[in-house]
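The structure under discussion appears below in the form of structure tokens.
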Amino acid sequence: MSVLSTPAPAPSAAARERSPFEEALRRLVRRRGAMIGLAVVVFFIAIAVFAPYVAPYDPTATSWLAVRKPPTWEHPFGTDEVGRDVLSRVIYGARASLSAGLVSVALAVAIGLPLGMIAGYAGGFIEAALMRLTDAMLAIPFLILAIALAAFLGPTLTNAMIAIGLSATTIFIRLTRAQVQSVKVEEYVEAARAAGATPLRIVLRHILPNILPAILVQATLTIAAAIIAEASLSFLGLGQQPPDPSWGSMLNTAKNFLSQAPWMAIWPGLSIFLAVLSFNLLGDGLRDALDPRHRN
Amino acid sequence: MTDITSRPPLLEVRDLAVEFADADSVVHAVNGVSYTLREGETLGIVGESGSGKSVHVLAMLRLIPMPPGRLAGGQVLFEGRDLLTLSDPELRKIRGGSIGFVFQDPMSSLNPSMTVGRQIMEPLMLHLGMGAEAARKRAIELMDMVRLPDAARRIDQYPHEFSGGQRQRIMIAIGLSCRPKLLIADEATTALDVTVQADVIELVKELKREIGMAVIWITHDLGVVAGIADTVQVMYAGRVMERGPVDDVFRDPRSAYTLGLLRSLPDLTAPAGQRRRLTQIDGAPPDMRFPPPGDPFAPRNRYATPRCLTERPPLEQAPGAAPGHLAAAWYDLPSVLAAEALS
């Protein structure tokens, strides 16, 4: 049979030697919105990390000589009701917002992903119990649940992160379970079982890599929601405590001086807006890049 | 040949029954299937969708989802051990080890997020305890063996970079990786176009000669069975209707269902103008929630006798046929056909 040695048509040169991950990355880079989002996210992370070097003043240093001064060259974003530099506080506030967004979502994924995989793969009683629990939690609006948990845990930034993380966990349990359920009936999972793979190996090597894209997209979008939640909690006094700055707590103070000193509200508000918008743009871009149905 | 037949069978299926239950009904998918497979034998199993041909092999390795699936009875002795009662770890050693599996759809049976190399290496490391380096070397050999060109380079590619026929070869390489004693191919060539299908069949025949394994080849394509199998087994409604040496069954079918399948194939060897019209099998298979009491094919069979509708025929040696040619029928098909030709 000479036919046997005939090579089948080779895949196009462009598709050669490239993993699905690299393919997705290429598609992501081509999306302008996602790239702008990524740039702003990176910018915020940079100023949060290097806050001590980029902030012109100590964010907690008060000055009775500069109370509620409008923006000047000396204080580009103006000063607040006790004479603190708003620019420096916005820069340091990025630390609270971003770390709250990242840490709470990391917590939510760390708890939600394993539970969702167990529920999705095992099924039966374990699944029923976990799903009724998440149903009950999902019946309470995300922010209300976070506020209740934060009030219960006590008002610190760490507790706010825990509260937001726990409230967001249900989303990841549900998403992971649904993803596992759709992937576990794929033929390659059956093939892995027929090849003698253990359940743990099937879940970790064959199912997990194929559901990660969806989890990643959801995580990025949830970071945006978590930033808003942190700002809300801090606005209500349940997050970052004075005098340490957070965008939410800055807005809380600023609301008392809206007509006299609008700059106190504009800059932290704009920062929240930009950070949330960028994470959403990045998340949407990731979804399009990773979803096979959106491939061009 | 004699020394093969005198040895104990490699696989012995005894009265295997599989059911799928939901809240208010039970589907009797496989109803008392029994057969034996000798070492090195190739068994072709044919039947239409829902005949239980795939389900019963999946059930043998407990690969059907349970629940809703349920093993309702029987034994599956592989080298003397009952696969249905084996512990999970013991069974996992057999799956992919002494029994290799090749699945139907090469497009969906490979993990899209793993390189093909790692997928071929997986059973080697799992069953033979090979290290990564040895497994990789062996995987390249296996890719060479199934004639994938440029294996050393392509081993690090992902499934989407291969064509359908190439992926099926990768599946076969995975199925053969641990030199199984039995290879089960479930519709392994159905998704492929005919030329590639011919290549794959030729490849399996060659590898079979090399490794000396037994093969169960499940298909609904009688042509494929004729090309590859020693023995053919025709299944319908979760039962074996007829079984025997391929040539004998095809030349001298004893079940009206087998005859119907054969008559639905075009005969391209007859000279033009003398070719007969293709016949179809009228009706639909029985609803397996309510299996008929008699011969399950009787309602669609114009040769059926009254007895066929009420009493189930046993699978027995067909009178006057080659030894080992069994059929489950109350009617004697050759005499019925002869009478029909006369009238």
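Order determines the names: the first chain of the structure tokens is A, the second B, and so forth; residues in each chain are numbered 1 upward, and ligands are numbered 1 upward as they are shown.
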For this session: May I have the residues within 10 Å of B:Ser109 as a VMD selection string, using only C-alpha atoms and disregarding those fewer than 5 positions away in the same chain?
Result: (chain A and resid 186 to 192) or (chain B and resid 102 to 104 159 167 to 168 171)
For this session: From the DSSP assignment of the backbone, select every residue of stretch 193-264 of chain A that is helix (DSSP H, G or I), and format the answer as a PyMOL selection string.
Result: chain A and resi 193-194+199-235+247-257+263-264
Exercise. Given a cut-off of 9 Å, which residues of chain B touch chain A, counting only C-alpha atoms, written out as a ChimeraX atom specification?
Worked result: /B:58,61,63,89,91-97,99-105,108-115,119,122-123,126-127,146-149,154,156-158,160-163,165-166,174-175,195-196,199-200,202-203
For this session: Write out as a PyMOL selection string the residues lying within 7 Å of A:Ile227, counting only C-alpha atoms and excluding same-chain residues fewer than 5 positions away.
Result: chain A and resi 97-98+100-101+276
Let's have the selection written as an mmCIF file, in the first residue's frame, with all heavy atoms.
data_model
loop_
_atom_site.group_PDB
_atom_site.id
_atom_site.type_symbol
_atom_site.label_atom_id
_atom_site.label_comp_id
_atom_site.auth_asym_id
_atom_site.auth_seq_id
_atom_site.Cartn_x
_atom_site.Cartn_y
_atom_site.Cartn_z
ATOM 1 N N SER A 97 -7.652 49.437 45.879
ATOM 2 C CA SER A 97 -8.631 48.970 44.897
ATOM 3 C C SER A 97 -8.128 47.749 44.133
ATOM 4 O O SER A 97 -8.838 46.747 44.010
ATOM 5 C CB SER A 97 -8.932 50.088 43.901
ATOM 6 O OG SER A 97 -9.709 51.072 44.526
ATOM 7 N N LEU A 98 -6.896 47.845 43.607
ATOM 8 C CA LEU A 98 -6.409 46.741 42.788
ATOM 9 C C LEU A 98 -6.157 45.499 43.621
ATOM 10 O O LEU A 98 -6.479 44.388 43.199
ATOM 11 C CB LEU A 98 -5.133 47.143 42.052
ATOM 12 C CG LEU A 98 -5.328 48.204 40.976
ATOM 13 C CD1 LEU A 98 -4.020 48.478 40.257
ATOM 14 C CD2 LEU A 98 -6.375 47.764 39.964
ATOM 15 N N ALA A 100 -7.625 44.701 46.333
ATOM 16 C CA ALA A 100 -8.924 44.131 46.686
ATOM 17 C C ALA A 100 -9.490 43.354 45.501
ATOM 18 O O ALA A 100 -9.994 42.234 45.656
ATOM 19 C CB ALA A 100 -9.891 45.228 47.093
ATOM 20 N N GLY A 101 -9.383 43.917 44.296
ATOM 21 C CA GLY A 101 -9.886 43.235 43.107
ATOM 22 C C GLY A 101 -9.178 41.917 42.879
ATOM 23 O O GLY A 101 -9.818 40.870 42.692
ATOM 24 N N VAL A 276 -12.346 49.976 36.181
ATOM 25 C CA VAL A 276 -13.410 49.012 35.902
ATOM 26 C C VAL A 276 -13.608 48.837 34.400
ATOM 27 O O VAL A 276 -13.709 47.721 33.885
ATOM 28 C CB VAL A 276 -14.724 49.456 36.584
ATOM 29 C CG1 VAL A 276 -15.889 48.614 36.112
ATOM 30 C CG2 VAL A 276 -14.581 49.367 38.090
#
For this session: Find the residues around A:Ile140 up to 12 Å (only C-alpha atoms counted), leave out those fewer than 6 positions away in its own chain, and share them as a PyMOL selection string.
Result: chain A and resi 133-134+146-149+167-168+170
Selection to disk with N, CA and C atoms, as a PDB file, in the first residue's frame:
ATOM      1  N   LEU A 133     -26.573  25.114  47.886  1.00  0.00           N
ATOM      2  CA  LEU A 133     -25.882  26.139  48.677  1.00  0.00           C
ATOM      3  C   LEU A 133     -25.592  27.374  47.824  1.00  0.00           C
ATOM      4  N   THR A 134     -25.085  27.154  46.590  1.00  0.00           N
ATOM      5  CA  THR A 134     -24.779  28.308  45.738  1.00  0.00           C
ATOM      6  C   THR A 134     -26.067  28.994  45.306  1.00  0.00           C
ATOM      7  N   ALA A 146     -21.857  40.877  50.156  1.00  0.00           N
ATOM      8  CA  ALA A 146     -20.531  41.351  50.544  1.00  0.00           C
ATOM      9  C   ALA A 146     -20.629  42.315  51.720  1.00  0.00           C
ATOM     10  N   ILE A 147     -21.626  43.213  51.683  1.00  0.00           N
ATOM     11  CA  ILE A 147     -21.804  44.174  52.775  1.00  0.00           C
ATOM     12  C   ILE A 147     -22.116  43.437  54.076  1.00  0.00           C
ATOM     13  N   ALA A 148     -23.010  42.448  53.981  1.00  0.00           N
ATOM     14  CA  ALA A 148     -23.383  41.698  55.178  1.00  0.00           C
ATOM     15  C   ALA A 148     -22.176  40.977  55.760  1.00  0.00           C
ATOM     16  N   LEU A 149     -21.407  40.311  54.876  1.00  0.00           N
ATOM     17  CA  LEU A 149     -20.227  39.582  55.348  1.00  0.00           C
ATOM     18  C   LEU A 149     -19.197  40.535  55.942  1.00  0.00           C
ATOM     19  N   SER A 167     -18.321  36.270  48.424  1.00  0.00           N
ATOM     20  CA  SER A 167     -19.543  36.555  47.673  1.00  0.00           C
ATOM     21  C   SER A 167     -19.391  36.174  46.202  1.00  0.00           C
ATOM     22  N   ALA A 168     -18.161  36.303  45.672  1.00  0.00           N
ATOM     23  CA  ALA A 168     -17.942  36.010  44.256  1.00  0.00           C
ATOM     24  C   ALA A 168     -17.707  34.519  44.013  1.00  0.00           C
ATOM     25  N   THR A 170     -19.505  31.893  44.476  1.00  0.00           N
ATOM     26  CA  THR A 170     -20.615  31.149  43.883  1.00  0.00           C
ATOM     27  C   THR A 170     -20.578  31.191  42.355  1.00  0.00           C
TER      28      THR A 170
END
For this session: Would you please work out which residue, of A:Phe152, A:Phe44, A:Phe50, A:Tyr121, is nearest to A:Thr176 when using only C-alpha atoms?
Result: A:Tyr121
For this session: Determine, counting only C-alpha atoms, which protein, DNA and RNA residues have an atom within 9 Å of an atom of A:Gly154; residues of the same chain fewer than 6 positions away are not included. Present the result as a ChimeraX atom specification.
Result: /A:160,238-239
Based on the selection just made, write C-alpha atoms of those residues as a short mmCIF file (atom, residue, chain, number, x, y, z; two decimals), in the first residue's frame.
data_model
loop_
_atom_site.label_atom_id
_atom_site.label_comp_id
_atom_site.auth_asym_id
_atom_site.auth_seq_id
_atom_site.Cartn_x
_atom_site.Cartn_y
_atom_site.Cartn_z
CA ALA A 160 -13.56 43.49 52.84
CA LEU A 238 -16.64 48.86 55.79
CA GLY A 239 -13.37 48.69 53.85
#
Problem set entry | Top pick for closest residue to B:Glu316, considering B:Asp186, B:Glu19, B:Glu242, B:Asp267 and counting only C-alpha atoms | B:Glu242
What's the 12 Å shell around A:Lys255, counting only C-alpha atoms, without same-chain residues fewer than 3 positions away, as a compact mmCIF listing (two decimals) with all heavy atoms, in the first residue's frame?
# COMPACT_ATOMS: atom_id res chain seq x y z
N ASP A 80 -7.69 67.87 49.85
CA ASP A 80 -8.98 67.53 50.46
C ASP A 80 -9.27 68.37 51.69
O ASP A 80 -8.59 69.36 51.95
CB ASP A 80 -9.05 66.03 50.74
CG ASP A 80 -8.10 65.60 51.84
OD1 ASP A 80 -7.46 66.48 52.45
OD2 ASP A 80 -7.99 64.38 52.07
N GLU A 81 -10.27 67.94 52.48
CA GLU A 81 -10.78 68.79 53.56
C GLU A 81 -9.79 68.96 54.70
O GLU A 81 -9.97 69.82 55.56
CB GLU A 81 -12.12 68.25 54.05
CG GLU A 81 -12.06 67.13 55.08
CD GLU A 81 -11.65 65.77 54.52
OE1 GLU A 81 -11.38 65.69 53.30
OE2 GLU A 81 -11.58 64.81 55.29
N PHE A 235 -16.75 53.11 50.74
CA PHE A 235 -17.64 54.26 50.77
C PHE A 235 -18.55 54.18 51.99
O PHE A 235 -18.85 55.17 52.65
CB PHE A 235 -18.48 54.28 49.48
CG PHE A 235 -19.42 55.44 49.37
CD1 PHE A 235 -18.97 56.67 48.86
CD2 PHE A 235 -20.75 55.34 49.76
CE1 PHE A 235 -19.83 57.74 48.75
CE2 PHE A 235 -21.61 56.41 49.66
CZ PHE A 235 -21.14 57.63 49.15
N LEU A 236 -18.96 52.95 52.31
CA LEU A 236 -19.85 52.75 53.46
C LEU A 236 -19.08 52.65 54.76
O LEU A 236 -19.68 52.46 55.82
CB LEU A 236 -20.67 51.47 53.25
CG LEU A 236 -21.63 51.50 52.07
CD1 LEU A 236 -22.22 50.13 51.83
CD2 LEU A 236 -22.74 52.53 52.32
N GLY A 248 -12.92 54.49 47.25
CA GLY A 248 -14.28 54.49 47.78
C GLY A 248 -14.41 55.41 48.99
O GLY A 248 -15.35 56.21 49.09
N SER A 249 -13.45 55.31 49.91
CA SER A 249 -13.55 56.15 51.11
C SER A 249 -13.31 57.62 50.75
O SER A 249 -13.87 58.52 51.38
CB SER A 249 -12.56 55.68 52.18
OG SER A 249 -11.25 55.75 51.70
N MET A 250 -12.50 57.88 49.71
CA MET A 250 -12.31 59.26 49.26
C MET A 250 -13.63 59.84 48.76
O MET A 250 -13.98 60.98 49.03
CB MET A 250 -11.25 59.33 48.16
CG MET A 250 -9.82 59.10 48.67
SD MET A 250 -8.64 58.91 47.33
CE MET A 250 -8.46 60.62 46.83
N LEU A 251 -14.38 58.99 48.01
CA LEU A 251 -15.68 59.45 47.51
C LEU A 251 -16.63 59.73 48.67
O LEU A 251 -17.40 60.68 48.64
CB LEU A 251 -16.29 58.38 46.60
CG LEU A 251 -15.80 58.31 45.17
CD1 LEU A 251 -16.51 57.18 44.43
CD2 LEU A 251 -16.05 59.63 44.45
N ASN A 252 -16.54 58.90 49.69
CA ASN A 252 -17.41 59.06 50.85
C ASN A 252 -17.21 60.44 51.49
O ASN A 252 -18.17 61.16 51.77
CB ASN A 252 -17.12 57.95 51.86
CG ASN A 252 -18.05 58.02 53.05
OD1 ASN A 252 -19.14 58.57 52.96
ND2 ASN A 252 -17.62 57.47 54.18
N LEU A 258 -19.31 68.29 47.64
CA LEU A 258 -19.45 68.20 46.18
C LEU A 258 -19.52 69.57 45.53
O LEU A 258 -18.92 69.80 44.47
CB LEU A 258 -20.70 67.39 45.82
CG LEU A 258 -20.46 65.92 45.49
CD1 LEU A 258 -21.75 65.27 45.00
CD2 LEU A 258 -19.36 65.77 44.44
N SER A 259 -20.23 70.52 46.14
CA SER A 259 -20.37 71.81 45.47
C SER A 259 -19.15 72.70 45.72
O SER A 259 -18.75 73.45 44.83
CB SER A 259 -21.64 72.51 45.95
OG SER A 259 -21.65 72.53 47.37
N GLN A 260 -18.53 72.57 46.92
CA GLN A 260 -17.38 73.43 47.19
C GLN A 260 -16.10 72.89 46.57
O GLN A 260 -15.26 73.65 46.09
CB GLN A 260 -17.14 73.58 48.70
CG GLN A 260 -18.30 74.12 49.48
CD GLN A 260 -19.03 72.99 50.19
OE1 GLN A 260 -19.41 72.01 49.56
NE2 GLN A 260 -19.22 73.15 51.50
N ALA A 261 -15.92 71.53 46.61
CA ALA A 261 -14.64 70.96 46.16
C ALA A 261 -14.87 69.74 45.29
O ALA A 261 -14.57 68.62 45.69
CB ALA A 261 -13.77 70.62 47.37
N PRO A 262 -15.45 69.91 44.10
CA PRO A 262 -15.79 68.75 43.26
C PRO A 262 -14.56 67.90 42.90
O PRO A 262 -14.70 66.71 42.64
CB PRO A 262 -16.42 69.37 42.01
CG PRO A 262 -16.00 70.80 42.01
CD PRO A 262 -15.79 71.19 43.45
N TRP A 263 -13.36 68.51 42.84
CA TRP A 263 -12.17 67.72 42.48
C TRP A 263 -11.92 66.58 43.45
O TRP A 263 -11.30 65.59 43.10
CB TRP A 263 -10.94 68.63 42.39
CG TRP A 263 -10.68 69.42 43.66
CD1 TRP A 263 -9.95 69.01 44.73
CD2 TRP A 263 -11.17 70.71 43.95
NE1 TRP A 263 -9.96 69.96 45.70
CE2 TRP A 263 -10.70 71.03 45.25
CE3 TRP A 263 -11.97 71.65 43.25
CZ2 TRP A 263 -10.99 72.25 45.87
CZ3 TRP A 263 -12.23 72.85 43.88
CH2 TRP A 263 -11.77 73.15 45.18
N MET A 264 -12.39 66.74 44.68
CA MET A 264 -12.18 65.66 45.65
C MET A 264 -12.92 64.38 45.20
O MET A 264 -12.50 63.27 45.52
CB MET A 264 -12.70 66.07 47.03
CG MET A 264 -11.75 66.97 47.78
SD MET A 264 -12.49 67.56 49.31
CE MET A 264 -12.71 66.02 50.20
N ALA A 265 -14.04 64.57 44.48
CA ALA A 265 -14.81 63.41 44.03
C ALA A 265 -14.42 62.96 42.63
O ALA A 265 -14.44 61.77 42.31
CB ALA A 265 -16.31 63.73 44.07
N ILE A 266 -14.07 63.97 41.78
CA ILE A 266 -13.85 63.65 40.37
C ILE A 266 -12.71 62.64 40.18
O ILE A 266 -12.88 61.63 39.48
CB ILE A 266 -13.57 64.94 39.57
CG1 ILE A 266 -14.87 65.74 39.46
CG2 ILE A 266 -13.00 64.61 38.19
CD1 ILE A 266 -14.68 67.13 38.89
N PRO A 268 -10.96 60.37 42.27
CA PRO A 268 -11.16 58.95 42.62
C PRO A 268 -12.29 58.31 41.81
O PRO A 268 -12.19 57.14 41.43
CB PRO A 268 -11.51 58.99 44.11
CG PRO A 268 -11.80 60.41 44.44
CD PRO A 268 -11.10 61.25 43.43
N GLY A 269 -13.33 59.09 41.51
CA GLY A 269 -14.43 58.54 40.71
C GLY A 269 -13.96 58.14 39.33
O GLY A 269 -14.27 57.05 38.82
